[in-house]
There are 2 protein chains.
Amino acid sequence: MALVPKVTSITALPASEARWIEFHKIAWTDQTGTSRIWEAASRKTRGSSGVDAVAIQTIIRHPSKPPSTIIILQYRPPADAICVEFPAGLVDQKETPSDASVRELHEETGYQGKLLYISPTIVSDPGMSSANMQLATIEVELKEGDKEPEQVLDEGEFIERVVVPLEELFPRLEEYNAKGMKVDARLWHWAAGLHFATTMR
Amino acid sequence: MALVPKVTSITALPASEARWIEFHKIAWTDQTGTSRIWEAASRKTRGSSGVDAVAIQTIIRHPSKPPSTIIILQYRPPADAICVEFPAGLVDQKETPSDASVRELHEETGYQGKLLYISPTIVSDPGMSSANMQLATIEVELKEGDKEPEQVLDEGEFIERVVVPLEELFPRLEEYNAKGMKVDARLWHWAAGLHFATTMR
């Protein structure tokens with residue numbers, strides 16, 4: 001049985017020890033010509049695509065079930081909580097973001113589908129970091145009686161996938177939050193946009 | 001006339017000099033009981049609310065114009081580009097996120113409205129940082145002939161606001177991207193959710 005993961009200590013990370021992220025002091029000149037400094041974090045793992053990560057907005061279509069999407073539940077040490085996110089992952093060194101999105105969806109959820117669209121490069125938290133990503137739309141067509149596929153996880157990876165009817169997504173995220181999980185801001189925004197379109201307009 | 005801002009140099013930021021962000025080495029035990037390390041960035045500015053930042057999904061209602069939202073264009077050194085975002089800002093030390101959202105909307109856009117909803121605390125990029133935020137929904141009711149209000153910017157703040165009909169939001173973000181701006185991932189996801197609801201379903 002899986003144990004409950006937890007943070008045991010948080011200490012300062014010296015720049016010389018950092019393997020995955022780095023800190024930058026960005027010197028820039030502003031709109032008045034004044035020299036200024038901005039502090040930012042960057043990933044050290046960006047490959048030839050120039051894109052750090054991909055996330056996948058999956059649309060599952062089924063003959064007798066409502067259109068659904070897939071979200072994943074995964075413990076994240078920086079939040080010290082189970083986070084609720086779209087399937088996502090880092091783009092490998094020589095991989096394209098499109099290939100990474102198909103691969104990550106398959107690994108994290110078992111599902112394989114058709115890549116309908118991939119966003120341009122968007123920036124994850126541009127006041128604080130240079131991290132960027134692309135959001136892919138993948139459509140999965142299921143037939144009556146199709147079994148739930150197997151995930152393809154690495155050893156030591158604990159990722160729970162949940163198929164959620166699109167109409168239930170926003171209230172479901174509120175429920176997960178009420179249970180102590182933390183919802184990823186990007187997934188929350190997607191669900192809020194969808195919810196707004198169908199309820200408040 | 002405003003100059004074009006630009007990055008002049010990027011150097012390593014020693015932890016001892018960092019004023020706004022810090023690096024953490026997080027020791028944690030995983031689901032098998034194994035001790036592991038995760039590297040993450042944090043903001044040093046979090047106040048008593050426990051929430052770093054707020055963003056605002058504004059809904060402008062007008063007797064003869066289509067429902068619209070407000071986005072802002074602002075140069076961001078970590079992206080070295082003009083970024084397209086929802087109005088947003090850091091929560092002050094003793095402020096509530098609800099108050100911060102009303103204040104930031106007013107400062108960055110001039111608009112004042114009614115706070116309809118604020119999300120729970122959501123996490124901005126939980127694989128890389130502890131940064132968190134809340135997303136507020138503010139409704140602005142305009143009357144026929146209302147003038148566009150004045151922004152309340154600090155000296156040295158250059159923020160352009162754009163009112164966009166909701167139906168045009170997603171293609172507008174694609175256009176800004178094509179012109180070399182970078183769209184914030186959270187705004188992109190909101191627009192993609194809205195667009196999905198109205199076109200692809």
# chains A, B, ... in the order shown; residues from 1 in each chain; ligands from 1
$ closest_atom_pairs --of "chain B" --to "chain A" --cutoff "6 Å" --atoms "only C-alpha atoms" --output "CSV"
residue,atom,partner,partner_atom,distance
B:Ala2,CA,A:Gln31,CA,4.9
B:Leu3,CA,A:Gln31,CA,4.4
B:Val4,CA,A:Gln31,CA,5.7
B:Pro5,CA,A:Asp30,CA,4.6
B:Lys6,CA,A:Trp28,CA,5.4
B:Val7,CA,A:Trp28,CA,4.1
B:Thr8,CA,A:Trp28,CA,5.1
B:Ser9,CA,A:Ala27,CA,5.1
B:Ile10,CA,A:Ile26,CA,4.6
B:Thr11,CA,A:Lys25,CA,5.3
B:Ala12,CA,A:His24,CA,4.8
B:Leu13,CA,A:His24,CA,4.9
B:Phe23,CA,A:Leu13,CA,5.3
B:His24,CA,A:Ala12,CA,4.9
B:Lys25,CA,A:Leu13,CA,4.9
B:Ile26,CA,A:Ile10,CA,4.6
B:Ala27,CA,A:Ser9,CA,5.1
B:Trp28,CA,A:Val7,CA,4.1
B:Thr29,CA,A:Pro5,CA,5.4
B:Asp30,CA,A:Pro5,CA,4.6
B:Gln31,CA,A:Leu3,CA,4.4
B:Pro78,CA,A:Ser130,CA,4.9
B:Ala79,CA,A:Ser130,CA,5.5
B:Ile122,CA,A:Ala185,CA,5.1
B:Val123,CA,A:Asp184,CA,4.9
B:Ser124,CA,A:Ala185,CA,5.0
B:Pro126,CA,A:Pro78,CA,6.0
B:Ser129,CA,A:Pro78,CA,5.7
B:Ser130,CA,A:Pro78,CA,4.9
B:Lys182,CA,A:Ile122,CA,6.0
B:Val183,CA,A:Ile122,CA,5.2
B:Asp184,CA,A:Val123,CA,4.9
B:Ala185,CA,A:Ser124,CA,5.0
B:Arg186,CA,A:Arg186,CA,4.8
B:His189,CA,A:Trp190,CA,4.5
B:Trp190,CA,A:Trp190,CA,4.4
B:Gly193,CA,A:Leu194,CA,4.4
B:Leu194,CA,A:Gly193,CA,4.4
B:Ala197,CA,A:Leu194,CA,5.5
$ residues_around --residues "Glu108 in chain A" --least-positions-apart "6" --cutoff "10 Å" --atoms "only C-alpha atoms" --output "JSON, numbers by chain"
{"A": [71, 72, 87, 88, 89, 150, 151, 152, 153, 154, 157, 158, 159, 160, 161]}
$ write_last_selection --atoms "N, CA, C and O atoms" --output "PDB file, in the first residue's frame"
ATOM      1  N   ILE A  71      -8.169  14.277 -15.846  1.00  0.00           N
ATOM      2  CA  ILE A  71      -7.287  15.040 -14.959  1.00  0.00           C
ATOM      3  C   ILE A  71      -6.468  14.053 -14.146  1.00  0.00           C
ATOM      4  O   ILE A  71      -6.827  12.874 -14.035  1.00  0.00           O
ATOM      5  N   ILE A  72      -5.361  14.523 -13.610  1.00  0.00           N
ATOM      6  CA  ILE A  72      -4.524  13.638 -12.816  1.00  0.00           C
ATOM      7  C   ILE A  72      -4.315  14.218 -11.420  1.00  0.00           C
ATOM      8  O   ILE A  72      -4.315  15.429 -11.215  1.00  0.00           O
ATOM      9  N   PRO A  87      -3.034  16.215 -17.483  1.00  0.00           N
ATOM     10  CA  PRO A  87      -1.822  15.437 -17.755  1.00  0.00           C
ATOM     11  C   PRO A  87      -0.780  16.390 -18.355  1.00  0.00           C
ATOM     12  O   PRO A  87      -1.118  17.266 -19.162  1.00  0.00           O
ATOM     13  N   ALA A  88       0.488  16.212 -17.973  1.00  0.00           N
ATOM     14  CA  ALA A  88       1.510  17.163 -18.391  1.00  0.00           C
ATOM     15  C   ALA A  88       2.883  16.571 -18.151  1.00  0.00           C
ATOM     16  O   ALA A  88       3.019  15.595 -17.415  1.00  0.00           O
ATOM     17  N   GLY A  89       3.887  17.177 -18.746  1.00  0.00           N
ATOM     18  CA  GLY A  89       5.238  16.709 -18.484  1.00  0.00           C
ATOM     19  C   GLY A  89       6.248  17.557 -19.218  1.00  0.00           C
ATOM     20  O   GLY A  89       5.894  18.387 -20.063  1.00  0.00           O
ATOM     21  N   GLU A 150      -4.258   0.708 -19.603  1.00  0.00           N
ATOM     22  CA  GLU A 150      -3.255   0.714 -18.524  1.00  0.00           C
ATOM     23  C   GLU A 150      -2.367   1.948 -18.635  1.00  0.00           C
ATOM     24  O   GLU A 150      -1.913   2.297 -19.725  1.00  0.00           O
ATOM     25  N   GLN A 151      -2.057   2.544 -17.505  1.00  0.00           N
ATOM     26  CA  GLN A 151      -1.051   3.614 -17.491  1.00  0.00           C
ATOM     27  C   GLN A 151       0.341   3.021 -17.736  1.00  0.00           C
ATOM     28  O   GLN A 151       0.547   1.822 -17.536  1.00  0.00           O
ATOM     29  N   VAL A 152       1.288   3.855 -18.155  1.00  0.00           N
ATOM     30  CA  VAL A 152       2.662   3.408 -18.423  1.00  0.00           C
ATOM     31  C   VAL A 152       3.590   4.246 -17.544  1.00  0.00           C
ATOM     32  O   VAL A 152       4.285   5.152 -18.010  1.00  0.00           O
ATOM     33  N   LEU A 153       3.540   3.966 -16.246  1.00  0.00           N
ATOM     34  CA  LEU A 153       4.273   4.821 -15.304  1.00  0.00           C
ATOM     35  C   LEU A 153       5.669   4.279 -15.024  1.00  0.00           C
ATOM     36  O   LEU A 153       5.902   3.073 -15.068  1.00  0.00           O
ATOM     37  N   ASP A 154       6.601   5.190 -14.752  1.00  0.00           N
ATOM     38  CA  ASP A 154       7.926   4.774 -14.276  1.00  0.00           C
ATOM     39  C   ASP A 154       7.778   4.245 -12.857  1.00  0.00           C
ATOM     40  O   ASP A 154       6.845   4.600 -12.135  1.00  0.00           O
ATOM     41  N   GLU A 157       6.603   6.383  -9.740  1.00  0.00           N
ATOM     42  CA  GLU A 157       5.646   7.420 -10.146  1.00  0.00           C
ATOM     43  C   GLU A 157       4.257   7.027  -9.644  1.00  0.00           C
ATOM     44  O   GLU A 157       3.803   5.914  -9.920  1.00  0.00           O
ATOM     45  N   PHE A 158       3.624   7.905  -8.928  1.00  0.00           N
ATOM     46  CA  PHE A 158       2.285   7.638  -8.409  1.00  0.00           C
ATOM     47  C   PHE A 158       1.345   8.700  -8.961  1.00  0.00           C
ATOM     48  O   PHE A 158       1.324   9.826  -8.472  1.00  0.00           O
ATOM     49  N   ILE A 159       0.621   8.349  -9.991  1.00  0.00           N
ATOM     50  CA  ILE A 159      -0.271   9.294 -10.646  1.00  0.00           C
ATOM     51  C   ILE A 159      -1.636   8.640 -10.786  1.00  0.00           C
ATOM     52  O   ILE A 159      -1.754   7.574 -11.387  1.00  0.00           O
ATOM     53  N   GLU A 160      -2.645   9.284 -10.219  1.00  0.00           N
ATOM     54  CA  GLU A 160      -4.002   8.771 -10.362  1.00  0.00           C
ATOM     55  C   GLU A 160      -4.702   9.561 -11.458  1.00  0.00           C
ATOM     56  O   GLU A 160      -4.623  10.785 -11.484  1.00  0.00           O
ATOM     57  N   ARG A 161      -5.347   8.850 -12.375  1.00  0.00           N
ATOM     58  CA  ARG A 161      -6.070   9.550 -13.451  1.00  0.00           C
ATOM     59  C   ARG A 161      -7.567   9.468 -13.150  1.00  0.00           C
ATOM     60  O   ARG A 161      -8.051   8.464 -12.621  1.00  0.00           O
TER      61      ARG A 161
END
$ atom_distance --atom1 "CA of Val54 in chain B" --atom2 "CA of Ile118 in chain B"
9.2 Å
$ atom_distance --atom1 "CA of Leu116 in chain A" --atom2 "CA of Ile138 in chain A"
5.6 Å
$ residues_around --residues "Leu105 in chain A" --least-positions-apart "5" --cutoff "7 Å" --atoms "only C-alpha atoms" --output "PyMOL selection string"
chain A and resi 56+87+110-112
$ write_last_selection --atoms "N, CA and C atoms" --output "short mmCIF file (atom, residue, chain, number, x, y, z; two decimals), in the first residue's frame"
data_model
loop_
_atom_site.label_atom_id
_atom_site.label_comp_id
_atom_site.auth_asym_id
_atom_site.auth_seq_id
_atom_site.Cartn_x
_atom_site.Cartn_y
_atom_site.Cartn_z
N ILE A 56 -2.06 18.57 -21.51
CA ILE A 56 -3.00 18.03 -22.49
C ILE A 56 -4.44 18.18 -22.02
N PRO A 87 -3.03 16.21 -17.48
CA PRO A 87 -1.82 15.44 -17.76
C PRO A 87 -0.78 16.39 -18.36
N GLY A 110 -2.68 6.23 -20.05
CA GLY A 110 -2.92 5.03 -20.86
C GLY A 110 -3.66 5.34 -22.17
N TYR A 111 -4.30 6.50 -22.23
CA TYR A 111 -5.11 6.81 -23.41
C TYR A 111 -4.25 7.28 -24.58
N GLN A 112 -4.69 6.91 -25.79
CA GLN A 112 -4.03 7.39 -27.01
C GLN A 112 -5.10 8.02 -27.88
#
$ select_by_dssp --residues "range 9-190 of chain B" --states "helix (DSSP H, G or I)" --output "PyMOL selection string"
chain B and resi 15-17+77-79+97-109+166-178+185-190
$ closest_residue --among "B:Leu115, B:Val91, B:Thr199, B:Lys179" --to "Glu167 in chain B" --atoms "only C-alpha atoms"
B:Thr199
$ atom_distance --atom1 "CA of Tyr117 in chain A" --atom2 "CA of Ala136 in chain A"
5.8 Å
$ select_by_dssp --residues "chain B" --states "strand (DSSP E or B)" --output "ChimeraX atom specification"
/B:6-12,21-29,35-43,53-61,68-76,81-85,88-90,114-118,122-123,129,132-141,160-165,182-184
$ closest_residue --among "B:Pro63, B:Ile70, B:Ser49, B:Glu107" --to "Asp146 in chain B" --atoms "only C-alpha atoms"
B:Pro63
$ closest_residue --among "B:Gly50, B:Thr69, B:His62, B:Gln74" --to "Lys94 in chain B" --atoms "only C-alpha atoms"
B:Gly50
